[in-house]
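Engineer: Let me give you the structure first, and then I'll get to my questions.
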Amino acid sequence: MRTHRCGELRIENVGETVILTGWVNRRREHGEHLAFVDVRDHTGITQCVVDNAVDVRAEYVVKITGTVVERVEGTANDDLPTGAIEIKECDVEVLSIAEPPPFPMDDRADQVDELVRLRHRYVDLRRVRMQRNLRIRSSVNAAIRSAMFNQEFVEVETPMLMPSTPEGAREFLVPSRQKPGNFYALPQSPQLYKQLLMVGGLDRYFQIARCLRDEDLRADRQYEFMQLDMEMSFVDVDDVLSAVEVGVLDAAEAVTGVRPDTVERMTWRDAMERFGIDKPDLRFGMELVELTSVFAETGFKAFSSAAAIKAIKVDQGADEYGRNKLDGLTDEAKSFGAKGMVWLKVRESEAGGLEFESPVAKFLSAEETAAIVTATEAVAGDLVLIIADDWLTTCEVLGELRNRIGRPPVSEGPYKYLWVTDFPLFVGIDATTGQPKTGHHPFCQPHPDDLDKLESDPMSVRAQAYDLVLNGWELGSGSIRIHDPVLQRRVFELLGINEEEANRRFGFFLEPFKYGAPPHGGFAFGIDRLTAILAGEENIREVIAFPKPQSGLDPMTNAPTEVDASVLEEVGIRVLPPTL
RNA sequence: GGUCCCGUAGUGCAGUCUGGAGUGCACGCCGCCCUGUCAAGGCGGAGGUCGCGAGUUCAAAUCUCGUCGGGACCGCCA
């Protein structure tokens, strides 16, 4: 139908008769005998010179046949790759007429209410931004697929209809017609199946897998999302990390043209100590400074009873953070669990040294003041924020403040990939049962050096679990799995799950391990998130063709909808009246 | 479940604090003019349930309450 695409023609094509197809980007009339029509497809725009009698308007779909000519002296457009030429003696065929688009087709649409864009997503998708993002996404998928295939991973599709498992995220349920009153669940992840593929001797499995979780939506969370899901047999942690790295770095290189530096590694403990979070953004410093020992003998009550005291320093933040902003940060700190926040503005003292301007300055001894300055390497004009609490709270609150104050926008480089390793096997105690709660999932292999502490000091046991982090976003996580039924039983017991309950909840999954399970481990990372960061987008909706807004209600299709009573009847469902 | 912000023409805004006729701007749209524009230019025109519902008031886009919708975040996401 066409000889060229709209972004292709150059000065070399002058003289050729060409056929272009696309959408009318804009029309400029100049009296009775002259009008310019910019025809657009995903490759770009070409200017066509037509007679004003031709009635084409914005977003009409057209087929234009004409001759490529060099533009008249002085009328070339340097902003367009095709700006040196135009199409003359055009024969214009209208393939589809169109109503005016509901929003501008250029960058101004970035300011339009997202709901309007989503309601007319098919129009929004024509824009440069969305074309670019979806093509980046396609490159990411292609790079990952070939990276895994080249490493001898086998692509296997696992079922979308699976049994409901009560663990983890809330599931989407699918009623059964053959067995009314019973339900399938859509997979939160292919976790269970991929481990069974290892039992089945696939050795190396991967899948670009759709996962579904019925949890509240966020900028980085949709009901449905895509993961690179993989699992390997006869491996240790390093083997898994290396294999995943190839996929992630290939994808990044495919998009940016630059292969990222090798992925850094950091233990969970170090990440918490230094950055106060298990997904540190390494693009900026502002590391947490340890001050606990400084206040070992302090007379300041807020600090004397705290297990951990740490600080962050805001370079030259003293003037920028007035009373209102500091109060805001304090409220923030409290909302994340701190009892309070101490701020110190560093000033030159009259004696020539440094002193603090702060409501609590008078409670700090000269030695403590000096020690804080030394530890934080503060200079006049800096702002120091101190949190004193139990170790985890101190770290987490400062981690939040650090991100709030220093974190650059997603679109700013560089890309900082990071492995966070040695996560704790258990995090916290379940308030109702008094049993430890798993940090990852109950099939996660404890660190071999910590096996003897499982019963005696479970909270200190590290897991062979690891996360991949990019610029402060958690891309994914994985672990070496338990393949030994005896060890699995020990872990279940610690979690308060007896054998009967384990069989009831995970029976179909545990049974196969009696038939010879290889040691194995794996990983999964979110393709939406990786693509968003590589595209410089703050929100994964911008890299998804048809995403849902925060409510989960689709403004284009109106899903979810009611269904006919007969349909419900068939699956044995009766809908309750809405609760008031 | 919670906190905060937003809702005025197809789109983006101003007006809301301090109540006084839908008062206004830009883009888009429709018509006319225009032979070198390229987010063209000129002239004219159409287009509004101020999200919705109550309340206060002589009078509500504006104040109050409720509700719906959107966004960011917390909870949640093994």
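Order determines the names: the first chain of the structure tokens is A, the second B, and so forth; residues in each chain are numbered 1 upward, and ligands are numbered 1 upward as they are shown.
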Once you count only C-alpha atoms (C1' of nucleotides), which residues of chain A turn out to be within 7 Å of chain B? Could you give them as an MDAnalysis selection string?
Structural biologist: chainID A and resid 28 30:31 33:34 75 102:103 112 167:169 215 438 440:441
Engineer: Can you pull out the residues contacting A14 of chain B? Cut-off 10 Å, using only C-alpha atoms (C1' of nucleotides), and skip same-chain residues under 6 positions away; I want them as JSON, numbers by chain.
Structural biologist: {"B": [8, 24, 25]}
Engineer: Keeping N, CA, C and O atoms (P, O5', C5', C4', C3', O3' and C1' of nucleotides), export the residues of the selection given above as an mmCIF file, in the first residue's frame.
Structural biologist:
```
data_model
loop_
_atom_site.group_PDB
_atom_site.id
_atom_site.type_symbol
_atom_site.label_atom_id
_atom_site.label_comp_id
_atom_site.auth_asym_id
_atom_site.auth_seq_id
_atom_site.Cartn_x
_atom_site.Cartn_y
_atom_site.Cartn_z
ATOM 1 P P U B 8 -12.546 20.552 35.982
ATOM 2 O "O5'" U B 8 -13.350 21.886 36.300
ATOM 3 C "C5'" U B 8 -14.758 21.885 36.286
ATOM 4 C "C4'" U B 8 -15.281 23.212 35.819
ATOM 5 C "C3'" U B 8 -14.791 23.660 34.452
ATOM 6 O "O3'" U B 8 -15.505 23.063 33.388
ATOM 7 C "C1'" U B 8 -14.537 25.436 35.963
ATOM 8 P P G B 24 -16.738 37.213 29.539
ATOM 9 O "O5'" G B 24 -15.190 36.868 29.695
ATOM 10 C "C5'" G B 24 -14.264 37.943 29.850
ATOM 11 C "C4'" G B 24 -12.927 37.432 30.289
ATOM 12 C "C3'" G B 24 -12.158 36.576 29.298
ATOM 13 O "O3'" G B 24 -11.584 37.353 28.251
ATOM 14 C "C1'" G B 24 -11.945 35.661 31.461
ATOM 15 P P C B 25 -11.262 36.605 26.852
ATOM 16 O "O5'" C B 25 -9.875 35.889 27.157
ATOM 17 C "C5'" C B 25 -8.765 36.645 27.603
ATOM 18 C "C4'" C B 25 -7.593 35.736 27.895
ATOM 19 C "C3'" C B 25 -7.250 34.745 26.798
ATOM 20 O "O3'" C B 25 -6.531 35.341 25.736
ATOM 21 C "C1'" C B 25 -7.225 33.644 28.893
#
```
Engineer: List every residue of segment 92-325 of chain A that DSSP, applied to the backbone, labels as alpha helix (DSSP H), and write the result as a PyMOL selection string.
Structural biologist: chain A and resi 114-119+121-124+128-150+191-199+237-256+268-275+301-304+323-325
Engineer: Please return as a VMD selection string: the residues of segment 285-523 of chain A that backbone DSSP assigns to strand (DSSP E or B).
Structural biologist: chain A and resid 289 to 290 308 to 314 342 to 348 354 to 357 383 to 389 417 to 421 424 426 to 429 436 to 438 444 446 462 to 463 465 to 470 473 to 481 520 to 523
Engineer: Residues at most 10 Å from G48 of chain B, counting only C-alpha atoms (C1' of nucleotides), excluding those fewer than 2 positions away in the same chain, as number ranges by chain?
Structural biologist: B: 8-9, 22, 50
Engineer: Please list as a PDB file with C-alpha atoms, in the first residue's frame every residue within 8 Å of segment 359-366 of chain A, counting only C-alpha atoms (C1' of nucleotides) and excluding residues in the same chain fewer than 4 positions away.
Structural biologist:
```
ATOM      1  CA  THR A 298      24.777  11.157  77.318  1.00  0.00           C
ATOM      2  CA  GLY A 299      22.601  13.103  79.693  1.00  0.00           C
ATOM      3  CA  PHE A 300      20.117  13.883  76.934  1.00  0.00           C
ATOM      4  CA  VAL A 342      16.332  16.025  66.196  1.00  0.00           C
ATOM      5  CA  LEU A 344      20.816  20.546  64.064  1.00  0.00           C
ATOM      6  CA  ALA A 370      32.381  17.853  68.397  1.00  0.00           C
TER       7      ALA A 370
END
```
Engineer: Tell me which protein, DNA and RNA residues are within 10 Å of Ala524 of chain A, counting only C-alpha atoms (C1' of nucleotides), leaving out same-chain ones fewer than 5 positions away, and put them as a ChimeraX atom specification.
Structural biologist: /A:189-191,206-209,226-231,244,467-468,475-479
Engineer: Using all heavy atoms, can you write the selected residues to a file as a compact mmCIF listing (two decimals), in the first residue's frame?
Structural biologist:
```txt
# COMPACT_ATOMS: atom_id res chain seq x y z
N SER A 189 2.23 -15.46 40.76
CA SER A 189 3.49 -15.69 40.08
C SER A 189 3.53 -17.18 39.74
O SER A 189 2.76 -17.95 40.31
CB SER A 189 4.68 -15.30 40.96
OG SER A 189 5.02 -16.38 41.81
N PRO A 190 4.40 -17.57 38.84
CA PRO A 190 4.48 -19.01 38.52
C PRO A 190 5.36 -19.78 39.51
O PRO A 190 5.85 -20.86 39.18
CB PRO A 190 5.12 -19.02 37.11
CG PRO A 190 5.17 -17.60 36.67
CD PRO A 190 5.19 -16.77 37.91
N GLN A 191 5.55 -19.22 40.70
CA GLN A 191 6.50 -19.77 41.66
C GLN A 191 6.43 -21.28 41.82
O GLN A 191 7.42 -21.99 41.71
CB GLN A 191 6.27 -19.10 43.02
CG GLN A 191 7.18 -19.60 44.12
CD GLN A 191 8.60 -19.14 43.92
OE1 GLN A 191 8.85 -18.05 43.41
NE2 GLN A 191 9.55 -19.99 44.25
N PHE A 206 12.71 -20.43 31.92
CA PHE A 206 12.32 -19.03 32.04
C PHE A 206 10.98 -18.82 31.37
O PHE A 206 10.52 -19.64 30.56
CB PHE A 206 13.37 -18.09 31.44
CG PHE A 206 13.22 -17.85 29.95
CD1 PHE A 206 12.61 -16.69 29.48
CD2 PHE A 206 13.67 -18.77 29.04
CE1 PHE A 206 12.46 -16.47 28.12
CE2 PHE A 206 13.55 -18.56 27.67
CZ PHE A 206 12.93 -17.40 27.20
N GLN A 207 10.36 -17.70 31.73
CA GLN A 207 9.09 -17.34 31.13
C GLN A 207 8.92 -15.83 31.30
O GLN A 207 9.26 -15.29 32.36
CB GLN A 207 7.95 -18.09 31.83
CG GLN A 207 6.58 -17.79 31.28
CD GLN A 207 5.45 -18.57 31.97
OE1 GLN A 207 4.37 -18.66 31.46
NE2 GLN A 207 5.72 -19.11 33.14
N ILE A 208 8.44 -15.18 30.26
CA ILE A 208 8.03 -13.80 30.42
C ILE A 208 6.56 -13.90 30.80
O ILE A 208 5.69 -14.07 29.95
CB ILE A 208 8.29 -12.99 29.14
CG1 ILE A 208 9.82 -12.89 28.93
CG2 ILE A 208 7.67 -11.61 29.25
CD1 ILE A 208 10.25 -12.16 27.69
N ALA A 209 6.33 -13.82 32.12
CA ALA A 209 5.08 -14.31 32.69
C ALA A 209 4.18 -13.18 33.16
O ALA A 209 4.65 -12.20 33.75
CB ALA A 209 5.38 -15.23 33.87
N MET A 226 4.12 -7.91 34.25
CA MET A 226 4.92 -8.92 33.59
C MET A 226 6.23 -9.10 34.34
O MET A 226 6.85 -8.13 34.78
CB MET A 226 5.21 -8.52 32.14
CG MET A 226 3.97 -8.31 31.28
SD MET A 226 2.91 -9.76 31.16
CE MET A 226 3.94 -10.84 30.17
N GLN A 227 6.63 -10.36 34.47
CA GLN A 227 7.91 -10.64 35.10
C GLN A 227 8.75 -11.53 34.21
O GLN A 227 8.23 -12.40 33.51
CB GLN A 227 7.70 -11.37 36.43
CG GLN A 227 7.06 -10.51 37.49
CD GLN A 227 7.41 -10.97 38.88
OE1 GLN A 227 7.36 -12.16 39.17
NE2 GLN A 227 7.77 -10.03 39.75
N LEU A 228 10.06 -11.29 34.26
CA LEU A 228 10.96 -12.32 33.78
C LEU A 228 11.08 -13.29 34.93
O LEU A 228 11.63 -12.94 35.99
CB LEU A 228 12.33 -11.74 33.40
CG LEU A 228 13.40 -12.70 32.90
CD1 LEU A 228 14.17 -13.37 34.02
CD2 LEU A 228 12.83 -13.77 31.96
N ASP A 229 10.57 -14.48 34.73
CA ASP A 229 10.55 -15.48 35.78
C ASP A 229 11.53 -16.57 35.38
O ASP A 229 11.50 -17.03 34.24
CB ASP A 229 9.13 -16.04 35.91
CG ASP A 229 8.98 -16.92 37.13
OD1 ASP A 229 9.31 -16.45 38.23
OD2 ASP A 229 8.54 -18.08 36.97
N MET A 230 12.42 -16.95 36.28
CA MET A 230 13.41 -17.97 35.91
C MET A 230 13.75 -18.85 37.11
O MET A 230 13.55 -18.47 38.26
CB MET A 230 14.67 -17.33 35.33
CG MET A 230 15.37 -16.34 36.24
SD MET A 230 16.58 -17.10 37.33
CE MET A 230 17.99 -17.11 36.25
N GLU A 231 14.23 -20.06 36.81
CA GLU A 231 14.62 -20.99 37.86
C GLU A 231 15.72 -21.90 37.30
O GLU A 231 15.70 -22.21 36.09
CB GLU A 231 13.41 -21.82 38.31
CG GLU A 231 13.58 -22.57 39.60
CD GLU A 231 13.45 -21.69 40.86
OE1 GLU A 231 13.03 -20.51 40.73
OE2 GLU A 231 13.78 -22.17 41.96
N VAL A 244 20.84 -13.84 35.84
CA VAL A 244 19.87 -12.74 35.78
C VAL A 244 20.55 -11.48 35.24
O VAL A 244 19.97 -10.74 34.43
CB VAL A 244 19.28 -12.46 37.18
CG1 VAL A 244 18.39 -11.22 37.14
CG2 VAL A 244 18.49 -13.67 37.66
N ASP A 467 17.58 -9.50 46.36
CA ASP A 467 16.74 -8.58 45.58
C ASP A 467 17.61 -7.89 44.55
O ASP A 467 18.79 -7.62 44.80
CB ASP A 467 16.13 -7.51 46.49
CG ASP A 467 14.82 -7.96 47.13
OD1 ASP A 467 14.48 -9.15 47.01
OD2 ASP A 467 14.15 -7.11 47.75
N LEU A 468 17.01 -7.54 43.44
CA LEU A 468 17.69 -6.70 42.46
C LEU A 468 17.06 -5.31 42.53
O LEU A 468 15.84 -5.17 42.48
CB LEU A 468 17.55 -7.26 41.05
CG LEU A 468 18.19 -6.42 39.93
CD1 LEU A 468 19.70 -6.27 40.13
CD2 LEU A 468 17.91 -7.05 38.56
N LEU A 475 13.36 -4.19 41.62
CA LEU A 475 13.00 -4.81 40.34
C LEU A 475 12.50 -6.22 40.55
O LEU A 475 11.62 -6.69 39.82
CB LEU A 475 14.20 -4.84 39.40
CG LEU A 475 14.61 -3.51 38.78
CD1 LEU A 475 15.71 -3.74 37.76
CD2 LEU A 475 13.43 -2.83 38.11
N GLY A 476 13.10 -6.92 41.52
CA GLY A 476 12.64 -8.28 41.72
C GLY A 476 13.39 -8.96 42.83
O GLY A 476 14.26 -8.37 43.47
N SER A 477 13.00 -10.20 43.08
CA SER A 477 13.64 -10.92 44.17
C SER A 477 13.66 -12.41 43.84
O SER A 477 12.94 -12.89 42.97
CB SER A 477 12.91 -10.67 45.48
OG SER A 477 11.55 -11.03 45.35
N GLY A 478 14.51 -13.10 44.57
CA GLY A 478 14.63 -14.54 44.35
C GLY A 478 15.34 -15.18 45.51
O GLY A 478 15.70 -14.51 46.48
N SER A 479 15.50 -16.48 45.40
CA SER A 479 16.16 -17.20 46.48
C SER A 479 16.60 -18.58 45.99
O SER A 479 16.15 -19.05 44.95
CB SER A 479 15.22 -17.36 47.67
OG SER A 479 14.10 -18.15 47.32
```
